[in-house]
file upload.cif (mmCIF, C-alpha atoms)
data_structure
#
loop_
_atom_site.label_atom_id
_atom_site.label_comp_id
_atom_site.auth_asym_id
_atom_site.auth_seq_id
_atom_site.Cartn_x
_atom_site.Cartn_y
_atom_site.Cartn_z
CA MET S 775 6.32 8.16 49.22
CA PRO S 776 5.80 5.97 46.08
CA VAL S 777 4.56 7.68 42.93
CA PRO S 778 1.18 6.31 41.72
CA THR S 779 1.53 4.00 38.73
CA LYS S 780 -1.28 5.79 36.91
CA SER S 781 0.57 9.14 37.11
CA ILE S 782 3.72 7.59 35.65
CA ALA S 783 1.73 6.05 32.80
CA ASN S 784 -0.02 9.35 32.03
CA SER S 785 3.28 11.26 32.06
CA ALA S 786 4.86 8.74 29.71
CA ARG S 787 1.95 8.99 27.27
CA ARG S 788 2.08 12.79 27.35
CA ALA S 789 5.82 12.78 26.66
CA THR S 790 5.42 10.31 23.77
CA ARG S 791 2.69 12.41 22.18
CA THR S 792 4.76 15.56 22.48
CA MET S 793 7.78 13.96 20.80
CA SER S 794 5.73 12.42 17.99
CA ARG S 795 4.03 15.65 16.93
CA THR S 796 5.58 17.06 13.79
CA SER S 797 4.28 19.98 11.78
CA PRO S 798 3.14 19.14 8.22
CA LYS S 799 5.92 21.29 6.74
CA ALA S 800 8.62 19.59 8.84
CA ALA S 801 7.20 16.15 8.08
CA LYS S 802 7.21 16.91 4.36
CA ASN S 803 10.84 18.03 4.53
CA ILE S 804 11.79 14.85 6.39
CA ALA S 805 9.97 12.72 3.82
CA ASP S 806 11.69 14.49 0.92
CA LEU S 807 15.09 14.08 2.59
CA LEU S 808 14.48 10.36 3.11
CA ARG S 809 13.47 9.88 -0.52
CA ALA S 810 16.57 11.74 -1.70
CA ALA S 811 18.84 9.72 0.61
CA ASP S 812 17.47 6.35 -0.54
CA GLN S 813 19.84 4.67 -2.99
CA ASN S 814 18.82 3.23 -6.36
CA SER S 815 17.50 -0.29 -5.96
CA GLY S 816 19.98 -1.53 -8.57
CA TYR S 817 19.94 -4.79 -10.48
CA GLY S 818 18.89 -8.11 -8.98
CA VAL S 819 15.66 -9.84 -7.98
CA LYS S 820 12.67 -7.79 -6.81
CA VAL S 821 9.95 -9.85 -5.18
CA ILE S 822 6.40 -8.48 -5.15
CA VAL S 823 4.09 -10.31 -2.74
CA PHE S 824 0.36 -10.33 -3.48
CA ARG S 825 -2.18 -10.85 -0.72
CA ASP S 826 -5.11 -11.15 -3.15
CA PRO S 827 -4.75 -12.93 -6.53
CA ALA S 828 -7.51 -10.73 -7.99
CA THR S 829 -5.19 -7.69 -7.85
CA LEU S 830 -2.39 -9.43 -9.79
CA PRO S 831 -3.27 -8.83 -13.49
CA THR S 832 -3.93 -5.08 -13.27
CA ALA S 833 -1.24 -4.34 -10.66
CA ARG S 834 1.36 -6.29 -12.65
CA ALA S 835 0.52 -4.41 -15.86
CA LEU S 836 0.75 -0.99 -14.15
CA ILE S 837 3.96 -1.83 -12.29
CA GLU S 838 5.55 -3.02 -15.55
CA LYS S 839 4.59 0.27 -17.20
CA HIS S 840 6.00 2.17 -14.23
CA VAL S 841 9.31 0.33 -14.60
CA LEU S 842 9.52 1.00 -18.35
CA ASP S 843 8.74 4.69 -17.75
CA GLY S 844 11.70 4.88 -15.35
CA LYS S 845 9.53 5.79 -12.35
CA PRO S 846 10.13 4.61 -8.76
CA ILE S 847 8.02 1.90 -7.16
CA ALA S 848 6.83 2.96 -3.71
CA ASP S 849 9.70 5.50 -3.55
CA ARG S 850 12.31 2.88 -4.52
CA SER S 851 14.15 4.03 -7.66
CA MET S 852 14.81 1.43 -10.34
CA PRO S 853 17.53 1.26 -13.02
CA ARG S 854 16.61 2.52 -16.47
CA MET S 855 15.39 -0.48 -18.45
CA THR S 856 16.34 -1.05 -22.09
CA SER S 857 13.71 -3.79 -22.42
CA LEU S 858 11.04 -5.64 -20.43
CA THR S 859 9.83 -9.19 -21.09
CA SER S 860 6.58 -10.36 -19.50
CA LEU S 861 6.95 -14.12 -19.16
CA TYR S 862 4.03 -16.57 -18.98
CA GLY S 863 3.67 -20.33 -18.90
CA GLY S 864 2.60 -21.84 -22.22
CA ALA S 865 -0.61 -23.24 -20.69
CA SER S 866 -1.71 -19.91 -19.17
CA THR S 867 -3.44 -18.79 -22.36
CA HIS S 868 -6.11 -16.76 -20.54
CA GLU S 869 -3.56 -14.87 -18.42
CA PHE S 870 -1.42 -14.21 -21.51
CA ALA S 871 -4.36 -12.82 -23.51
CA MET S 872 -5.51 -10.74 -20.55
CA ALA S 873 -2.04 -9.20 -20.19
CA ARG S 874 -2.04 -8.08 -23.83
CA ILE S 875 -5.55 -6.59 -23.51
CA LEU S 876 -4.64 -4.72 -20.31
CA ASP S 877 -1.49 -3.36 -21.92
CA ASP S 878 -3.48 -1.98 -24.87
CA ALA S 879 -6.11 -0.50 -22.53
CA ILE S 880 -3.46 1.23 -20.40
CA ASN S 881 -1.46 2.67 -23.29
CA GLY S 882 -4.56 3.81 -25.17
CA PRO S 883 -4.05 5.20 -28.67
CA ALA S 884 -0.32 5.67 -28.09
CA PRO S 885 1.95 3.38 -30.16
CA ALA S 886 2.97 0.18 -28.40
CA ASP S 887 6.30 0.37 -26.59
CA GLU S 888 8.70 -1.77 -28.64
CA ARG S 889 10.79 -2.37 -25.54
CA HIS S 890 7.94 -4.40 -24.00
CA ARG S 891 7.59 -8.01 -25.15
CA PHE S 892 5.15 -10.75 -24.11
CA GLU S 893 6.40 -14.31 -24.27
CA SER S 894 4.97 -17.72 -23.31
CA VAL S 895 7.28 -20.64 -22.50
CA GLY S 896 6.79 -24.39 -22.10
CA PHE S 897 3.59 -26.31 -21.45
CA VAL S 898 2.82 -25.39 -17.81
CA ARG S 899 0.57 -22.71 -16.33
CA GLU S 900 3.26 -21.26 -14.05
CA ILE S 901 7.00 -21.01 -14.51
CA ASP S 902 8.26 -22.13 -11.11
CA GLY S 903 11.03 -19.76 -10.06
CA ALA S 904 11.33 -21.69 -6.78
CA VAL S 905 13.28 -24.46 -8.54
CA VAL S 906 16.61 -24.28 -10.35
CA GLU S 907 15.17 -25.08 -13.79
CA GLY S 908 12.52 -22.35 -13.54
CA ALA S 909 15.02 -19.77 -12.31
CA TYR S 910 17.30 -20.60 -15.27
CA ILE S 911 14.44 -20.07 -17.74
CA VAL S 912 13.57 -16.72 -16.15
CA LEU S 913 17.15 -15.43 -16.28
CA SER S 914 17.71 -16.64 -19.85
CA LYS S 915 14.92 -14.35 -21.07
CA ALA S 916 16.49 -11.15 -19.72
CA GLU S 917 18.87 -8.98 -21.73
CA ARG S 918 21.71 -7.03 -20.15
CA GLY S 919 20.27 -3.75 -18.88
CA GLY S 920 16.77 -5.15 -19.24
CA CYS S 921 14.04 -6.67 -17.09
CA VAL S 922 11.96 -9.86 -17.02
CA THR S 923 8.78 -10.40 -15.00
CA VAL S 924 7.09 -13.66 -14.01
CA ALA S 925 4.23 -14.60 -11.67
CA GLN S 926 3.71 -17.74 -9.59
CA SER S 927 2.11 -19.08 -6.42
CA LEU S 928 4.22 -19.80 -3.34
CA THR S 929 3.16 -22.09 -0.50
CA LYS S 930 4.73 -22.53 2.92
CA LYS S 931 6.12 -25.91 1.88
CA GLN S 932 8.17 -24.22 -0.83
CA HIS S 933 9.77 -21.62 1.44
CA GLU S 934 12.95 -23.48 2.43
CA GLY S 935 13.90 -24.61 -1.08
CA PHE S 936 12.98 -21.21 -2.48
CA LYS S 937 15.51 -19.37 -0.30
CA GLU S 938 18.59 -20.93 -1.86
CA VAL S 939 17.28 -20.64 -5.43
CA LEU S 940 16.30 -17.01 -4.86
CA LEU S 941 19.70 -16.08 -3.45
CA ARG S 942 21.51 -17.61 -6.44
CA LEU S 943 19.13 -15.94 -8.88
CA ASP S 944 19.72 -12.56 -7.22
CA VAL S 945 23.51 -12.92 -7.44
CA GLN S 946 23.35 -13.97 -11.10
CA ALA S 947 20.97 -11.14 -12.01
CA LYS S 948 23.35 -8.59 -10.48
CA ASP S 949 26.34 -10.11 -12.30
CA GLU S 950 24.52 -9.94 -15.63
CA GLU S 951 23.06 -6.47 -14.89
CA VAL S 952 19.41 -7.43 -15.23
CA VAL S 953 16.29 -6.94 -13.09
CA VAL S 954 13.97 -9.86 -12.34
CA PHE S 955 10.52 -9.17 -10.93
CA LEU S 956 8.92 -12.17 -9.22
CA PHE S 957 5.21 -11.62 -8.60
CA LEU S 958 4.34 -14.06 -5.81
CA ILE S 959 0.79 -15.00 -4.82
CA CYS S 960 1.06 -15.91 -1.13
CA LEU S 961 -2.19 -17.12 0.40
CA ASP S 962 -0.57 -18.61 3.51
CA GLY S 963 2.14 -17.04 5.65
CA ARG S 964 3.87 -13.70 5.30
CA PRO S 965 7.14 -14.40 3.45
CA GLU S 966 8.07 -10.71 3.19
CA SER S 967 9.42 -11.01 6.75
CA TRP S 968 12.37 -13.14 5.55
CA LEU S 969 12.52 -12.54 1.79
CA LEU S 970 14.69 -9.43 2.13
CA ASN S 971 17.58 -11.63 3.27
CA TYR S 972 17.62 -13.38 -0.12
CA CYS S 973 16.90 -10.71 -2.75
CA SER S 974 17.42 -7.02 -3.56
CA ASP S 975 13.94 -5.69 -2.78
CA VAL S 976 10.57 -6.83 -1.48
CA PHE S 977 7.24 -5.11 -2.10
CA VAL S 978 3.76 -5.99 -0.86
CA VAL S 979 0.64 -5.37 -2.94
CA ASP S 980 -2.52 -5.23 -0.86
CA THR S 981 -6.18 -4.38 -1.34
CA TYR S 982 -7.17 -0.71 -1.28
CA GLU S 983 -10.63 0.81 -1.46
CA PRO S 984 -10.42 3.52 -4.13
CA GLU S 985 -12.16 6.88 -4.36
CA PRO S 986 -15.90 6.73 -5.18
CA ASP S 987 -15.26 7.69 -8.81
CA ALA S 988 -12.66 4.92 -9.39
CA SER S 989 -13.26 1.26 -10.26
CA PHE S 990 -10.41 -0.56 -8.55
CA GLY S 991 -7.47 0.11 -6.26
CA PHE S 992 -4.39 -1.42 -4.68
CA SER S 993 -1.52 -0.31 -2.47
CA VAL S 994 2.22 -1.02 -2.81
CA SER S 995 4.60 -1.06 0.16
CA ALA S 996 8.39 -1.14 -0.04
CA MET S 997 9.59 -3.35 2.82
CA LYS S 998 13.07 -1.78 2.80
CA LEU S 999 11.40 1.50 3.72
CA GLU S 1000 9.00 0.00 6.25
CA GLN S 1001 10.26 2.19 9.09
CA SER S 1002 9.44 5.27 7.01
CA HIS S 1003 5.83 4.30 6.24
CA THR S 1004 4.57 6.31 9.23
CA ILE S 1005 5.69 9.57 7.60
CA GLY S 1006 4.38 8.71 4.17
CA VAL S 1007 7.53 7.28 2.54
CA GLY S 1008 7.66 3.85 0.92
CA LYS S 1009 3.93 3.20 0.62
CA VAL S 1010 1.70 4.38 -2.24
CA ALA S 1011 -1.78 3.74 -3.60
CA CYS S 1012 -2.97 3.33 -7.16
CA GLU S 1013 -6.54 3.97 -8.32
CA VAL S 1014 -7.80 2.54 -11.59
CA THR S 1015 -10.83 3.57 -13.66
CA THR S 1016 -12.22 1.72 -16.67
CA THR S 1017 -13.77 4.04 -19.23
CA THR S 1018 -16.63 3.37 -21.65
CA ALA S 1019 -14.08 3.41 -24.48
CA ASN S 1020 -12.37 0.32 -22.99
CA ARG S 1021 -9.44 2.36 -21.75
CA ILE S 1022 -7.82 2.20 -18.34
CA ARG S 1023 -7.00 5.43 -16.55
CA TYR S 1024 -4.94 5.32 -13.38
CA ARG S 1025 -3.34 7.60 -10.84
CA TRP S 1026 -0.63 6.93 -8.26
CA GLY S 1027 -0.69 8.86 -5.00
CA ASP S 1028 0.18 8.86 -1.32
CA PHE S 1029 -1.28 6.09 0.79
CA VAL S 1030 -3.47 7.52 3.56
CA ALA S 1031 -5.68 4.63 4.73
CA ALA S 1032 -6.92 1.40 3.18
CA THR S 1033 -10.67 2.08 3.34
CA LEU S 1034 -12.90 4.95 2.27
CA GLU S 1035 -14.42 5.11 5.74
CA GLU S 1036 -11.05 5.54 7.46
CA ARG S 1037 -10.03 8.26 5.03
CA ALA S 1038 -13.32 10.10 5.60
CA MET S 1039 -12.73 10.02 9.37
CA LEU S 1040 -9.19 11.33 8.93
CA TYR S 1041 -10.27 14.13 6.60
CA LEU S 1042 -13.01 15.23 9.01
CA ASN S 1043 -10.53 15.29 11.89
CA HIS S 1044 -8.03 17.18 9.72
CA GLU S 1045 -10.72 19.83 9.17
CA GLY S 1046 -11.31 20.16 12.93
CA LEU S 1047 -14.09 17.72 13.80
CA SER S 1048 -13.49 15.94 17.12
CA TRP S 1049 -13.09 12.17 17.38
CA ARG S 1050 -16.20 12.02 19.57
CA ARG S 1051 -18.31 13.77 16.91
CA ILE S 1052 -16.80 11.57 14.19
CA SER S 1053 -17.71 8.38 16.06
CA LYS S 1054 -21.32 9.56 16.37
CA LEU S 1055 -21.49 10.51 12.71
CA PHE S 1056 -20.35 7.02 11.67
CA GLY S 1057 -22.45 5.21 14.27
CA VAL S 1058 -19.41 3.69 15.97
CA ASP S 1059 -20.03 2.72 19.59
CA ASP S 1060 -16.52 3.50 20.83
CA HIS S 1061 -14.75 6.79 20.05
CA VAL S 1062 -11.62 5.48 21.80
CA LYS S 1063 -11.21 2.79 19.15
CA VAL S 1064 -11.57 5.34 16.38
CA TRP S 1065 -8.93 7.57 17.96
CA ARG S 1066 -6.48 4.73 18.65
CA LYS S 1067 -6.88 3.26 15.19
CA LEU S 1068 -6.33 6.50 13.30
CA LYS S 1069 -4.35 8.84 15.57
CA ASP S 1070 -0.95 7.92 14.08
CA ILE S 1071 -2.17 8.30 10.51
CA ALA S 1072 -3.69 11.68 11.39
CA ARG S 1073 -0.20 13.09 12.04
CA ARG S 1074 1.07 12.27 8.56
CA VAL S 1075 1.70 15.04 6.09
CA THR S 1076 -0.23 13.00 3.47
CA VAL S 1077 -3.58 13.53 5.24
CA GLN S 1078 -4.78 16.27 2.91
CA PRO S 1079 -8.45 16.10 1.91
CA PRO S 1080 -8.99 16.18 -1.87
CA THR S 1081 -11.15 18.89 -3.38
CA GLY S 1082 -14.87 18.14 -3.24
CA TRP S 1083 -14.43 15.02 -1.15
CA ARG S 1084 -17.39 15.58 1.19
CA GLU S 1085 -20.20 15.22 -1.33
CA LYS S 1086 -18.70 12.09 -2.90
CA TYR S 1087 -17.76 10.41 0.38
CA PHE S 1088 -20.96 11.23 2.27
CA ASP S 1089 -23.14 9.92 -0.55
CA CYS S 1090 -21.07 6.75 -0.95
CA LEU S 1091 -20.90 5.99 2.79
CA GLY S 1092 -24.52 6.94 3.48
CA LEU S 1093 -23.62 9.65 5.99
CA ASP S 1094 -26.02 12.37 7.13
CA PRO S 1095 -24.44 15.85 6.79
CA GLY S 1096 -26.96 17.13 9.38
CA GLU S 1097 -25.23 15.11 12.11
CA GLU S 1098 -21.85 16.53 11.16
CA ASP S 1099 -22.82 20.17 11.74
CA GLY S 1100 -23.67 19.36 15.35
CA SER S 1101 -27.37 20.24 15.13
CA SER S 1102 -28.21 17.42 17.51
CA GLU S 1103 -25.19 18.04 19.72
CA GLY S 1104 -25.03 21.81 19.87
CA SER S 1105 -23.46 21.96 23.32
CA GLU S 1106 -20.35 19.98 22.37
CA GLU S 1107 -17.37 21.90 21.05
CA ASP S 1108 -16.15 20.80 17.65
CA THR S 1109 -12.43 20.60 18.43
CA PRO S 1110 -9.77 17.88 18.14
CA PRO S 1111 -9.11 15.87 21.36
CA SER S 1112 -6.71 17.39 23.87
CA ASP S 1113 -4.05 15.50 25.82
CA ASP S 1114 -6.32 15.37 28.89
CA ASP S 1115 -9.19 14.00 26.79
CA ALA S 1116 -6.91 11.32 25.35
CA GLU S 1117 -5.73 10.28 28.81
CA GLN S 1118 -9.31 10.11 30.05
CA TRP S 1119 -10.30 7.91 27.10
CA GLU S 1120 -7.42 5.53 27.77
CA ASP S 1121 -8.13 5.28 31.51
CA GLU S 1122 -11.93 4.93 31.37
CA LEU S 1123 -14.02 2.17 29.87
CA PRO S 1124 -16.11 3.35 26.90
CA PRO S 1125 -19.92 3.30 27.15
CA LYS S 1126 -21.68 0.28 25.70
CA ARG S 1127 -24.13 1.03 22.92
CA PRO S 1128 -25.93 -1.29 20.49
CA ARG S 1129 -24.02 -0.05 17.46
CA ARG S 1130 -21.42 -1.53 15.17
CA ARG S 1131 -17.78 -1.69 16.12
CA ILE S 1132 -14.53 -0.97 14.31
CA VAL S 1133 -12.23 -3.94 14.81
#
call {"tool": "encode", "arguments": {"input": "upload.cif", "output": "structure tokens"}}
result
Amino acid sequence: MPVPTKSIANSARRATRTMSRTSPKAAKNIADLLRAADQNSGYGVKVIVFRDPATLPTARALIEKHVLDGKPIADRSMPRMTSLTSLYGGASTHEFAMARILDDAINGPAPADERHRFESVGFVREIDGAVVEGAYIVLSKAERGGCVTVAQSLTKKQHEGFKEVLLRLDVQAKDEEVVVFLFLICLDGRPESWLLNYCSDVFVVDTYEPEPDASFGFSVSAMKLEQSHTIGVGKVACEVTTTTANRIRYRWGDFVAATLEERAMLYLNHEGLSWRRISKLFGVDDHVKVWRKLKDIARRVTVQPPTGWREKYFDCLGLDPGEEDGSSEGSEEDTPPSDDDAEQWEDELPPKRPRRRIV
């Protein structure tokens, strides 16, 4: 007698969920082991892809400081730098001035780091590292054991020619024991899918909604560690706050989720609130979508609610704490979804309600 297809599907889902469950302590140990096993990124070209040009100035300044301080970028260790040169086109006067101002705001009253130099070259806005002449200029500004950074735009039309130039630049940088950071603004296409074949490392900087008390945020992903992102390795977030004294304070931390709303949902589930109750609290018409969107993140060891998060998050997101305590839904148990609940959600169509949807 043939086995019903639905039973096979349910059994497969149950087996997958069982295998994927890892205790927070075990997950943390695995993450630490992976970080320890990862080799130093070494010399060569490191490409950092930017999805949003608005994140470039601040993210570049903080990544440069991270490199000079000898700290890893998204869990990828870098060589100790004896110097760092921030390179700008001679016509990019606004960008050059902004970089100096950001550097002063980040360092605060501390003396300027003499290892960090700012230099403008030529008469163009961007030094084009996608051509041989631009790559030569970039490499000529780096000292042995040092680092040079440069930013430029990259279009799809430039991809093919850029591959050969990038490969040669990477080989030369390794031979001369220097690190070259190329900050690429990519508004079309996703070049990180092929860039790793032509350089030492690829990172992606993306938008990130910071905590309510921060001004600005961004995330950094190491593409060489992409398969480890699900356990919290190779992807970090940075939150930036501008003070009244014209200083910039920042903090790096684990990446949990890109938006404040997603993090609030995860924290509530971490503290025991069911996905059904969470969907009602946020006015989402489909609890299945909430569960599917966030269930993998909820198993990460990095899902650890910060102290005092409820008051800040609820006020910022306009949530009603009275709905959370179940006063209007007293008969429903406030527990995380079971395997049977999950299977029922996947097999049944969700009810239609005139509320907003999570896409």
call {"tool": "closest_residue", "arguments": {"input": "upload.cif", "among": "S:Gly1008, S:Pro965, S:Pro1079, S:Gly935", "to": "Arg850 of chain S", "atoms": "only C-alpha atoms"}}
result
S:Gly1008
call {"tool": "resolve_selection", "arguments": {"input": "upload.cif", "expression": "the PyMOL selection byres ((chain S and resi 859-871) around 9)", "output": "ChimeraX atom specification"}}
result
/S:831,838,857-858,872-876,889-901,912,915-916,920-925
call {"tool": "atom_distance", "arguments": {"input": "upload.cif", "atom1": "atom CA of Val952 of chain S", "atom2": "atom CA of Val976 of chain S"}}
result
16.4 Å
call {"tool": "resolve_selection", "arguments": {"input": "upload.cif", "expression": "the PyMOL selection byres ((chain S and resi 905) around 10)", "output": "list of chain:residue names"}}
result
S:Ile901, S:Asp902, S:Gly903, S:Ala904, S:Val906, S:Glu907, S:Gly908, S:Ala909, S:Tyr910, S:Gln932, S:Gly935, S:Phe936, S:Lys937, S:Glu938, S:Val939, S:Leu940
call {"tool": "atom_distance", "arguments": {"input": "upload.cif", "atom1": "atom CA of Ala988 of chain S", "atom2": "atom CA of Arg1023 of chain S"}}
result
9.1 Å
call {"tool": "residues_around", "arguments": {"input": "upload.cif", "residues": "Leu969 of chain S", "least_positions_apart": "5", "cutoff": "12 Å", "atoms": "only C-alpha atoms", "output": "JSON, numbers by chain"}}
result
{"S": [819, 820, 821, 822, 823, 933, 934, 936, 937, 938, 939, 940, 941, 944, 956, 958, 963, 964, 974, 975, 976, 977, 978, 997, 998]}
call {"tool": "atom_distance", "arguments": {"input": "upload.cif", "atom1": "atom CA of Ala1032 of chain S", "atom2": "atom CA of Glu983 of chain S"}}
result
6.0 Å
call {"tool": "resolve_selection", "arguments": {"input": "upload.cif", "expression": "the PyMOL selection byres ((chain S and resi 1064) around 9)", "output": "ChimeraX atom specification"}}
result
/S:1036,1039,1049-1050,1052-1053,1058,1060-1063,1065-1069,1132
